[in-house]
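Engineer: Next up, coords.cif (mmCIF, C-alpha atoms).
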data_my_file
loop_
_atom_site.label_atom_id
_atom_site.label_comp_id
_atom_site.auth_asym_id
_atom_site.auth_seq_id
_atom_site.Cartn_x
_atom_site.Cartn_y
_atom_site.Cartn_z
CA MET A 18 -45.66 -20.66 22.08
CA THR A 19 -44.66 -21.23 25.69
CA LYS A 20 -42.20 -23.88 26.76
CA SER A 21 -45.04 -25.96 28.22
CA GLN A 22 -46.69 -26.02 24.77
CA LEU A 23 -43.58 -27.26 22.98
CA HIS A 24 -43.31 -30.97 22.28
CA PRO A 25 -39.85 -32.30 23.21
CA VAL A 26 -39.68 -34.33 19.97
CA PRO A 27 -40.26 -32.22 16.83
CA GLU A 28 -42.61 -33.44 14.10
CA GLY A 29 -41.08 -35.21 11.11
CA GLN A 30 -37.69 -36.86 10.86
CA VAL A 31 -36.24 -37.33 14.34
CA CYS A 32 -32.97 -39.13 13.62
CA PHE A 33 -30.35 -37.23 11.64
CA PRO A 34 -27.00 -38.53 10.46
CA TYR A 35 -24.37 -36.06 11.67
CA LEU A 36 -21.30 -36.28 9.47
CA SER A 37 -17.89 -34.73 10.02
CA ALA A 38 -15.51 -34.10 7.17
CA ARG A 39 -12.16 -32.52 6.53
CA GLY A 40 -13.16 -29.54 4.42
CA ALA A 41 -16.89 -29.40 5.17
CA ALA A 42 -17.41 -26.44 2.80
CA GLU A 43 -16.06 -28.52 -0.08
CA ALA A 44 -18.16 -31.49 1.09
CA ILE A 45 -21.28 -29.32 0.97
CA ASP A 46 -20.46 -28.34 -2.60
CA PHE A 47 -19.93 -32.03 -3.45
CA TYR A 48 -23.30 -33.04 -1.94
CA LYS A 49 -25.01 -30.31 -3.97
CA ARG A 50 -23.38 -31.49 -7.22
CA ALA A 51 -23.61 -35.23 -6.54
CA PHE A 52 -26.98 -35.58 -4.83
CA GLY A 53 -28.75 -32.33 -5.63
CA ALA A 54 -28.61 -31.56 -1.90
CA ARG A 55 -30.15 -28.36 -0.65
CA GLU A 56 -28.21 -26.39 1.94
CA ASP A 57 -30.65 -25.20 4.59
CA VAL A 58 -28.29 -23.92 7.30
CA ARG A 59 -24.58 -23.07 7.46
CA ILE A 60 -22.95 -21.75 10.62
CA PRO A 61 -19.32 -20.76 10.06
CA MET A 62 -17.01 -20.43 13.04
CA PRO A 63 -14.59 -17.53 13.55
CA ASP A 64 -11.67 -19.74 12.43
CA GLY A 65 -13.43 -20.40 9.08
CA ARG A 66 -14.48 -23.98 9.76
CA ILE A 67 -18.10 -25.03 9.46
CA GLY A 68 -19.48 -25.47 12.97
CA HIS A 69 -22.83 -26.83 11.79
CA ALA A 70 -24.64 -27.26 8.48
CA GLU A 71 -27.99 -28.79 7.63
CA LEU A 72 -28.63 -30.30 4.21
CA SER A 73 -31.51 -32.13 2.54
CA ILE A 74 -31.64 -34.72 -0.20
CA GLY A 75 -35.31 -34.84 -1.08
CA ARG A 76 -37.09 -35.31 2.26
CA ALA A 77 -33.99 -36.74 4.00
CA ARG A 78 -32.02 -34.33 6.16
CA PHE A 79 -28.51 -34.67 7.50
CA PHE A 80 -26.09 -32.52 9.44
CA LEU A 81 -22.43 -31.82 8.70
CA SER A 82 -19.50 -30.09 10.34
CA ASP A 83 -15.80 -29.74 9.86
CA GLU A 84 -13.65 -31.94 12.04
CA TYR A 85 -13.33 -30.91 15.69
CA PRO A 86 -11.01 -33.58 17.17
CA ASP A 87 -11.13 -31.93 20.60
CA LEU A 88 -14.90 -32.64 20.62
CA GLY A 89 -14.58 -36.14 19.17
CA ALA A 90 -15.94 -35.03 15.77
CA VAL A 91 -13.70 -36.58 13.14
CA GLY A 92 -14.41 -37.93 9.69
CA PRO A 93 -13.69 -41.25 8.00
CA GLU A 94 -10.40 -39.97 6.54
CA THR A 95 -9.04 -39.36 10.04
CA LEU A 96 -10.45 -42.65 11.34
CA GLY A 97 -9.22 -44.68 8.35
CA GLY A 98 -12.75 -45.74 7.42
CA THR A 99 -16.32 -45.78 8.67
CA SER A 100 -18.65 -48.41 10.10
CA VAL A 101 -21.75 -46.30 9.43
CA SER A 102 -23.70 -45.86 6.20
CA VAL A 103 -26.27 -43.23 5.32
CA MET A 104 -29.32 -44.68 3.55
CA VAL A 105 -31.50 -42.38 1.44
CA TYR A 106 -34.56 -43.16 -0.66
CA VAL A 107 -34.60 -41.18 -3.91
CA GLU A 108 -36.92 -40.89 -6.90
CA ASP A 109 -34.48 -42.33 -9.48
CA VAL A 110 -31.57 -44.27 -8.02
CA ASP A 111 -29.95 -44.93 -11.41
CA ALA A 112 -29.88 -41.26 -12.37
CA LEU A 113 -28.61 -40.14 -8.97
CA VAL A 114 -25.83 -42.75 -8.90
CA ALA A 115 -24.69 -41.61 -12.35
CA ARG A 116 -24.76 -37.98 -11.18
CA ALA A 117 -22.82 -38.82 -8.01
CA ALA A 118 -20.19 -40.80 -9.95
CA ALA A 119 -19.73 -37.88 -12.35
CA ALA A 120 -19.21 -35.60 -9.33
CA GLY A 121 -16.49 -37.87 -7.90
CA ALA A 122 -18.23 -40.56 -5.83
CA THR A 123 -16.91 -44.12 -6.03
CA ILE A 124 -19.55 -46.71 -6.88
CA GLU A 125 -19.10 -49.75 -4.62
CA ARG A 126 -22.19 -51.59 -5.91
CA PRO A 127 -24.13 -50.33 -8.92
CA PRO A 128 -27.93 -50.15 -8.84
CA GLN A 129 -29.53 -53.58 -8.69
CA ASP A 130 -33.01 -54.87 -7.91
CA GLN A 131 -33.05 -56.38 -4.41
CA PRO A 132 -35.23 -59.17 -2.95
CA HIS A 133 -36.66 -56.72 -0.41
CA GLY A 134 -38.29 -54.59 -3.13
CA ASP A 135 -35.78 -51.79 -3.59
CA ARG A 136 -33.47 -50.94 -6.45
CA MET A 137 -30.34 -50.10 -4.52
CA ALA A 138 -26.75 -48.95 -4.94
CA TRP A 139 -23.84 -48.30 -2.60
CA LEU A 140 -21.21 -45.62 -3.05
CA ARG A 141 -18.52 -43.77 -1.15
CA ASP A 142 -18.10 -40.02 -1.27
CA PRO A 143 -14.65 -38.35 -1.53
CA TYR A 144 -14.73 -37.72 2.25
CA GLY A 145 -15.04 -41.42 3.12
CA HIS A 146 -18.74 -41.54 3.95
CA ARG A 147 -20.68 -44.55 2.64
CA TRP A 148 -24.10 -43.94 1.08
CA GLY A 149 -26.87 -46.36 0.22
CA LEU A 150 -29.27 -44.98 -2.36
CA ALA A 151 -32.52 -46.73 -3.16
CA SER A 152 -35.81 -46.42 -4.96
CA ARG A 153 -38.76 -48.61 -3.95
CA ILE A 154 -39.83 -50.74 -6.92
CA GLU A 155 -42.30 -53.09 -5.18
CA ASP A 156 -43.81 -53.71 -1.77
CA VAL A 157 -42.61 -57.04 -0.35
CA SER A 158 -43.94 -58.67 2.80
CA PRO A 159 -41.45 -60.01 5.36
CA GLU A 160 -42.61 -63.55 4.49
CA GLU A 161 -42.00 -63.04 0.76
CA MET A 162 -38.63 -61.44 1.48
CA GLN A 163 -37.59 -64.46 3.56
CA LYS A 164 -38.78 -66.80 0.80
CA ARG A 165 -36.75 -64.90 -1.80
CA LEU A 166 -33.64 -64.81 0.36
CA SER A 167 -33.91 -68.53 1.13
CA ALA A 168 -34.08 -69.32 -2.60
CA THR A 169 -30.70 -67.72 -3.35
#
Written as C-alpha coordinates, how would this file's structure read?

Structural biologist:
Amino acid sequence: MTKSQLHPVPEGQVCFPYLSARGAAEAIDFYKRAFGAREDVRIPMPDGRIGHAELSIGRARFFLSDEYPDLGAVGPETLGGTSVSVMVYVEDVDALVARAAAAGATIERPPQDQPHGDRMAWLRDPYGHRWGLASRIEDVSPEEMQKRLSAT
(Lines of atoms letter the chains of each structure in order from A and count residues from 1; the text may use other names and numbers.)
(Lines give C-alpha, C1' and ligand atoms only; values in the text may rest on other atoms or scores of the structure.)
Protein backbone atom coordinates (compact mmCIF):
# COMPACT_ATOMS: atom_id res chain seq x y z
CA MET A 1 0.00 0.00 0.00
CA THR A 2 1.44 3.36 -0.97
CA LYS A 3 1.38 6.38 1.30
CA SER A 4 -1.31 7.98 -0.87
CA GLN A 5 -3.54 4.94 -0.24
CA LEU A 6 -3.20 5.10 3.54
CA HIS A 7 -5.95 6.80 5.50
CA PRO A 8 -4.51 9.19 8.10
CA VAL A 9 -7.00 7.93 10.73
CA PRO A 10 -6.92 4.14 11.20
CA GLU A 11 -10.16 2.15 11.34
CA GLY A 12 -11.54 1.28 14.77
CA GLN A 13 -10.79 2.94 18.09
CA VAL A 14 -9.05 6.26 17.48
CA CYS A 15 -8.64 7.61 21.01
CA PHE A 16 -6.38 5.65 23.35
CA PRO A 17 -5.72 6.38 27.01
CA TYR A 18 -1.94 6.54 27.43
CA LEU A 19 -1.02 5.78 31.02
CA SER A 20 2.33 6.18 32.72
CA ALA A 21 3.23 4.24 35.84
CA ARG A 22 6.15 3.69 38.13
CA GLY A 23 6.97 0.07 37.40
CA ALA A 24 5.09 -0.40 34.12
CA ALA A 25 6.09 -4.09 33.90
CA GLU A 26 4.40 -4.74 37.26
CA ALA A 27 1.41 -2.65 36.13
CA ILE A 28 1.06 -4.82 33.03
CA ASP A 29 1.01 -7.92 35.22
CA PHE A 30 -1.62 -6.28 37.43
CA TYR A 31 -3.85 -5.40 34.45
CA LYS A 32 -3.62 -9.00 33.23
CA ARG A 33 -4.61 -10.38 36.65
CA ALA A 34 -7.21 -7.72 37.50
CA PHE A 35 -8.89 -7.08 34.16
CA GLY A 36 -7.88 -10.06 32.05
CA ALA A 37 -5.95 -7.62 29.86
CA ARG A 38 -4.14 -8.92 26.84
CA GLU A 39 -0.65 -7.58 26.18
CA ASP A 40 -0.34 -6.89 22.46
CA VAL A 41 2.94 -4.93 22.31
CA ARG A 42 5.84 -4.35 24.72
CA ILE A 43 8.86 -2.28 23.77
CA PRO A 44 11.56 -2.34 26.45
CA MET A 45 14.22 0.35 26.47
CA PRO A 46 17.94 -0.33 26.95
CA ASP A 47 17.70 0.86 30.58
CA GLY A 48 15.01 -1.78 31.30
CA ARG A 49 12.03 0.57 31.46
CA ILE A 50 9.00 0.02 29.27
CA GLY A 51 9.07 2.61 26.50
CA HIS A 52 5.68 1.63 25.11
CA ALA A 53 3.14 -1.13 25.68
CA GLU A 54 -0.27 -1.76 24.17
CA LEU A 55 -2.94 -3.66 26.09
CA SER A 56 -6.56 -4.62 25.49
CA ILE A 57 -9.46 -5.24 27.82
CA GLY A 58 -12.05 -6.79 25.56
CA ARG A 59 -12.29 -4.41 22.59
CA ALA A 60 -10.87 -1.44 24.53
CA ARG A 61 -7.19 -0.68 23.97
CA PHE A 62 -4.87 1.46 26.03
CA PHE A 63 -1.20 2.31 26.02
CA LEU A 64 1.25 2.29 28.92
CA SER A 65 4.82 3.29 29.61
CA ASP A 66 7.13 3.68 32.55
CA GLU A 67 7.59 7.20 33.82
CA TYR A 68 9.79 9.48 31.72
CA PRO A 69 9.77 12.78 33.66
CA ASP A 70 12.08 14.42 31.11
CA LEU A 71 9.32 13.87 28.51
CA GLY A 72 6.48 14.89 30.83
CA ALA A 73 5.29 11.28 31.22
CA VAL A 74 4.60 10.75 34.91
CA GLY A 75 2.01 8.70 36.72
CA PRO A 76 -0.55 9.54 39.41
CA GLU A 77 1.84 8.52 42.21
CA THR A 78 4.32 11.20 41.14
CA LEU A 79 1.55 13.76 40.59
CA GLY A 80 -0.21 12.98 43.88
CA GLY A 81 -3.43 11.96 42.10
CA THR A 82 -5.15 12.03 38.74
CA SER A 83 -7.95 14.06 37.18
CA VAL A 84 -8.53 11.50 34.41
CA SER A 85 -10.50 8.26 34.52
CA VAL A 86 -10.45 5.38 32.07
CA MET A 87 -13.94 4.07 31.25
CA VAL A 88 -14.32 0.54 29.89
CA TYR A 89 -17.45 -1.41 28.99
CA VAL A 90 -17.17 -5.07 29.97
CA GLU A 91 -19.39 -8.14 29.72
CA ASP A 92 -19.87 -8.65 33.49
CA VAL A 93 -19.01 -5.63 35.63
CA ASP A 94 -19.70 -7.43 38.92
CA ALA A 95 -17.34 -10.30 38.13
CA LEU A 96 -14.59 -8.01 36.85
CA VAL A 97 -14.78 -5.71 39.88
CA ALA A 98 -14.47 -8.73 42.18
CA ARG A 99 -11.49 -9.97 40.15
CA ALA A 100 -9.83 -6.54 40.22
CA ALA A 101 -10.35 -6.20 43.99
CA ALA A 102 -8.81 -9.63 44.54
CA ALA A 103 -5.80 -8.52 42.47
CA GLY A 104 -5.31 -5.37 44.60
CA ALA A 105 -7.58 -2.66 43.17
CA THR A 106 -9.42 -0.39 45.59
CA ILE A 107 -13.17 -0.21 45.01
CA GLU A 108 -14.30 3.42 45.26
CA ARG A 109 -17.93 2.71 44.30
CA PRO A 110 -19.23 -0.84 43.98
CA PRO A 111 -21.35 -1.87 41.00
CA GLN A 112 -24.74 -0.16 40.98
CA ASP A 113 -27.48 0.29 38.41
CA GLN A 114 -27.38 3.85 37.05
CA PRO A 115 -30.19 6.04 35.65
CA HIS A 116 -28.40 6.19 32.29
CA GLY A 117 -28.79 2.43 31.73
CA ASP A 118 -25.42 1.09 32.84
CA ARG A 119 -24.42 -1.01 35.81
CA MET A 120 -21.26 0.79 36.83
CA ALA A 121 -18.42 0.72 39.35
CA TRP A 122 -15.40 2.90 40.05
CA LEU A 123 -12.04 1.66 41.29
CA ARG A 124 -8.44 2.74 41.62
CA ASP A 125 -5.53 0.55 40.61
CA PRO A 126 -2.35 0.28 42.74
CA TYR A 127 -0.62 2.79 40.41
CA GLY A 128 -3.17 5.54 41.08
CA HIS A 129 -5.19 5.29 37.88
CA ARG A 130 -8.98 5.55 38.23
CA TRP A 131 -11.13 3.10 36.26
CA GLY A 132 -14.84 3.14 35.52
CA LEU A 133 -16.18 -0.27 34.59
CA ALA A 134 -19.67 -0.70 33.20
CA SER A 135 -22.04 -3.13 31.56
CA ARG A 136 -25.04 -1.83 29.60
CA ILE A 137 -28.25 -3.14 31.18
CA GLU A 138 -30.82 -1.07 29.24
CA ASP A 139 -30.99 1.52 26.50
CA VAL A 140 -32.18 4.87 27.88
CA SER A 141 -33.06 7.91 25.78
CA PRO A 142 -31.65 11.30 26.78
CA GLU A 143 -35.19 12.40 27.68
CA GLU A 144 -35.75 9.40 29.97
CA MET A 145 -32.33 9.89 31.53
CA GLN A 146 -33.16 13.53 32.32
CA LYS A 147 -36.51 12.47 33.77
CA ARG A 148 -34.83 9.88 36.01
CA LEU A 149 -32.15 12.30 37.16
CA SER A 150 -34.72 15.00 37.92
CA ALA A 151 -36.69 12.55 40.09
CA THR A 152 -33.77 11.92 42.46

Engineer: Return as a Markdown table the residues of stretch 22-52 of chain A lying at most 12 Å from stretch 145-162 of chain A, together with the closest atom-to-atom pair for each and the distance in Å to one decimal, counting all atoms listed in the file, with rows in chain order and ascending residue number.

Structural biologist:
| residue | atom | partner | partner_atom | distance |
| --- | --- | --- | --- | --- |
| A:Pro34 | CA | A:His146 | CA | 10.9 |
| A:Tyr35 | CA | A:His146 | CA | 11.0 |
| A:Leu36 | CA | A:His146 | CA | 8.0 |
| A:Ser37 | CA | A:His146 | CA | 9.2 |
| A:Ala38 | CA | A:Gly145 | CA | 8.4 |
| A:Arg39 | CA | A:Gly145 | CA | 10.0 |
| A:Ala44 | CA | A:His146 | CA | 10.5 |
| A:Tyr48 | CA | A:His146 | CA | 11.3 |
| A:Ala51 | CA | A:Trp148 | CA | 11.6 |
| A:Phe52 | CA | A:Leu150 | CA | 10.0 |

Engineer: Can you list, as JSON, numbers by chain, every protein, DNA or RNA residue that comes within 8 Å of A:Pro128 when you count only C-alpha atoms, leaving out same-chain residues fewer than 6 positions away?

Structural biologist: {"A": [110, 111, 114, 136, 137, 138, 139]}

Engineer: In Å, how far is it from atom CA of A:Gly121 to atom CA of A:Gly65?

Structural biologist: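 Atom-to-atom, atom CA of A:Gly121 to atom CA of A:Gly65, that is 24.6 Å.
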
Engineer: Enumerate, as a list of chain:residue names, the residues matched when the PyMOL selection byres ((chain A and resi 66) around 9) is run on the file above.

Structural biologist: A:Gly40, A:Ala41, A:Ala42, A:Ile60, A:Pro61, A:Met62, A:Pro63, A:Asp64, A:Gly65, A:Ile67, A:Gly68, A:Ser82, A:Asp83, A:Glu84

Engineer: Let me make sure I understand: among A:Met104, A:Ile45, A:Leu166, A:Cys32, which one has the smallest atom-to-atom distance to A:Gly134 if we use only C-alpha atoms?

Structural biologist: A:Leu166

Engineer: Which value, in Å to one decimal, gives the distance between atom CA of A:Val107 and atom CA of A:Thr95?

Structural biologist: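 These two atoms are separated by 29.2 Å.
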
Engineer: Could you jot down the atom CA of A:Tyr144 to atom CA of A:Val91 separation for me, Å, one decimal place?

Structural biologist: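 Separation between atom CA of A:Tyr144 and atom CA of A:Val91: 11.0 Å.
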
Engineer: So which one's closest to A:Arg76, A:Ser167, A:Gln30, A:Gln129, A:Thr123? Using all atoms listed in the file, please.

Structural biologist: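 Counting all atoms listed in the file, the residue closest to A:Arg76 is A:Gln30.
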
Engineer: Identify, on the basis of all atoms listed in the file, every residue whose closest approach to A:Ala54 does not exceed 7 Å; exclude the query and any residue fewer than 5 positions from it along the same chain; express the result as a count of residues only.

Structural biologist: 5

Engineer: When you count all atoms listed in the file, which of these residues is closest to A:Arg141: A:Glu43, A:Val105, A:Ala112, A:Thr99?

Structural biologist: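 Result for the nearest residue to A:Arg141: A:Thr99.
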
Engineer: Between A:Val26, A:Val58, A:Val31, A:Ala122, single out the one closest to A:Ala77, counting only C-alpha atoms.

Structural biologist: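 Result for the nearest residue to A:Ala77: A:Val31.
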
Engineer: Can you list what the PyMOL selection byres ((chain A and resi 125) around 6) grabs from this structure, as number ranges by chain?

Structural biologist: A: 124, 126, 139-140

Engineer: Select, from A:Pro132, A:Pro93, A:Pro86, A:Gly29, the residue with the minimum atom-to-atom distance to A:Lys164, counting all atoms listed in the file.

Structural biologist: A:Pro132

Engineer: Go through A:Asp130, A:Glu94, A:Glu108, A:Glu56 one by one, measure the shortest atom-to-atom distance of each to A:Phe80 using all atoms listed in the file, and give the residue with the smallest value.

Structural biologist: A:Glu56

Engineer: Could N, CA and C atoms be built for stretch 109-126 of chain A and written out as a PDB file, in the frame of the given file?

Structural biologist:
ATOM      1  N   ASP A 109     -35.088 -41.577  -8.378  1.00  0.00           N
ATOM      2  CA  ASP A 109     -34.480 -42.330  -9.480  1.00  0.00           C
ATOM      3  C   ASP A 109     -33.052 -42.693  -9.101  1.00  0.00           C
ATOM      4  N   VAL A 110     -32.879 -43.873  -8.522  1.00  0.00           N
ATOM      5  CA  VAL A 110     -31.570 -44.270  -8.020  1.00  0.00           C
ATOM      6  C   VAL A 110     -30.536 -44.338  -9.148  1.00  0.00           C
ATOM      7  N   ASP A 111     -30.916 -44.824 -10.316  1.00  0.00           N
ATOM      8  CA  ASP A 111     -29.950 -44.930 -11.410  1.00  0.00           C
ATOM      9  C   ASP A 111     -29.415 -43.564 -11.822  1.00  0.00           C
ATOM     10  N   ALA A 112     -30.293 -42.600 -11.975  1.00  0.00           N
ATOM     11  CA  ALA A 112     -29.880 -41.260 -12.370  1.00  0.00           C
ATOM     12  C   ALA A 112     -29.007 -40.612 -11.301  1.00  0.00           C
ATOM     13  N   LEU A 113     -29.376 -40.784 -10.032  1.00  0.00           N
ATOM     14  CA  LEU A 113     -28.610 -40.140  -8.970  1.00  0.00           C
ATOM     15  C   LEU A 113     -27.238 -40.793  -8.807  1.00  0.00           C
ATOM     16  N   VAL A 114     -27.138 -42.092  -8.973  1.00  0.00           N
ATOM     17  CA  VAL A 114     -25.830 -42.750  -8.900  1.00  0.00           C
ATOM     18  C   VAL A 114     -24.930 -42.258 -10.030  1.00  0.00           C
ATOM     19  N   ALA A 115     -25.477 -42.125 -11.228  1.00  0.00           N
ATOM     20  CA  ALA A 115     -24.690 -41.610 -12.350  1.00  0.00           C
ATOM     21  C   ALA A 115     -24.220 -40.181 -12.067  1.00  0.00           C
ATOM     22  N   ARG A 116     -25.105 -39.366 -11.515  1.00  0.00           N
ATOM     23  CA  ARG A 116     -24.760 -37.980 -11.180  1.00  0.00           C
ATOM     24  C   ARG A 116     -23.666 -37.950 -10.110  1.00  0.00           C
ATOM     25  N   ALA A 117     -23.809 -38.789  -9.085  1.00  0.00           N
ATOM     26  CA  ALA A 117     -22.820 -38.820  -8.010  1.00  0.00           C
ATOM     27  C   ALA A 117     -21.460 -39.304  -8.523  1.00  0.00           C
ATOM     28  N   ALA A 118     -21.456 -40.303  -9.387  1.00  0.00           N
ATOM     29  CA  ALA A 118     -20.190 -40.800  -9.950  1.00  0.00           C
ATOM     30  C   ALA A 118     -19.521 -39.703 -10.774  1.00  0.00           C
ATOM     31  N   ALA A 119     -20.292 -38.967 -11.549  1.00  0.00           N
ATOM     32  CA  ALA A 119     -19.730 -37.880 -12.350  1.00  0.00           C
ATOM     33  C   ALA A 119     -19.147 -36.780 -11.470  1.00  0.00           C
ATOM     34  N   ALA A 120     -19.695 -36.618 -10.267  1.00  0.00           N
ATOM     35  CA  ALA A 120     -19.210 -35.600  -9.330  1.00  0.00           C
ATOM     36  C   ALA A 120     -18.012 -36.070  -8.517  1.00  0.00           C
ATOM     37  N   GLY A 121     -17.667 -37.379  -8.605  1.00  0.00           N
ATOM     38  CA  GLY A 121     -16.490 -37.870  -7.900  1.00  0.00           C
ATOM     39  C   GLY A 121     -16.728 -38.957  -6.882  1.00  0.00           C
ATOM     40  N   ALA A 122     -17.960 -39.455  -6.751  1.00  0.00           N
ATOM     41  CA  ALA A 122     -18.230 -40.560  -5.830  1.00  0.00           C
ATOM     42  C   ALA A 122     -17.709 -41.863  -6.444  1.00  0.00           C
ATOM     43  N   THR A 123     -17.354 -42.795  -5.597  1.00  0.00           N
ATOM     44  CA  THR A 123     -16.910 -44.120  -6.030  1.00  0.00           C
ATOM     45  C   THR A 123     -18.071 -45.096  -5.861  1.00  0.00           C
ATOM     46  N   ILE A 124     -18.460 -45.735  -6.948  1.00  0.00           N
ATOM     47  CA  ILE A 124     -19.550 -46.710  -6.880  1.00  0.00           C
ATOM     48  C   ILE A 124     -18.989 -48.019  -6.339  1.00  0.00           C
ATOM     49  N   GLU A 125     -19.509 -48.456  -5.198  1.00  0.00           N
ATOM     50  CA  GLU A 125     -19.100 -49.750  -4.620  1.00  0.00           C
ATOM     51  C   GLU A 125     -19.957 -50.874  -5.179  1.00  0.00           C
ATOM     52  N   ARG A 126     -21.252 -50.637  -5.287  1.00  0.00           N
ATOM     53  CA  ARG A 126     -22.190 -51.590  -5.910  1.00  0.00           C
ATOM     54  C   ARG A 126     -23.166 -50.795  -6.755  1.00  0.00           C
TER      55      ARG A 126
END
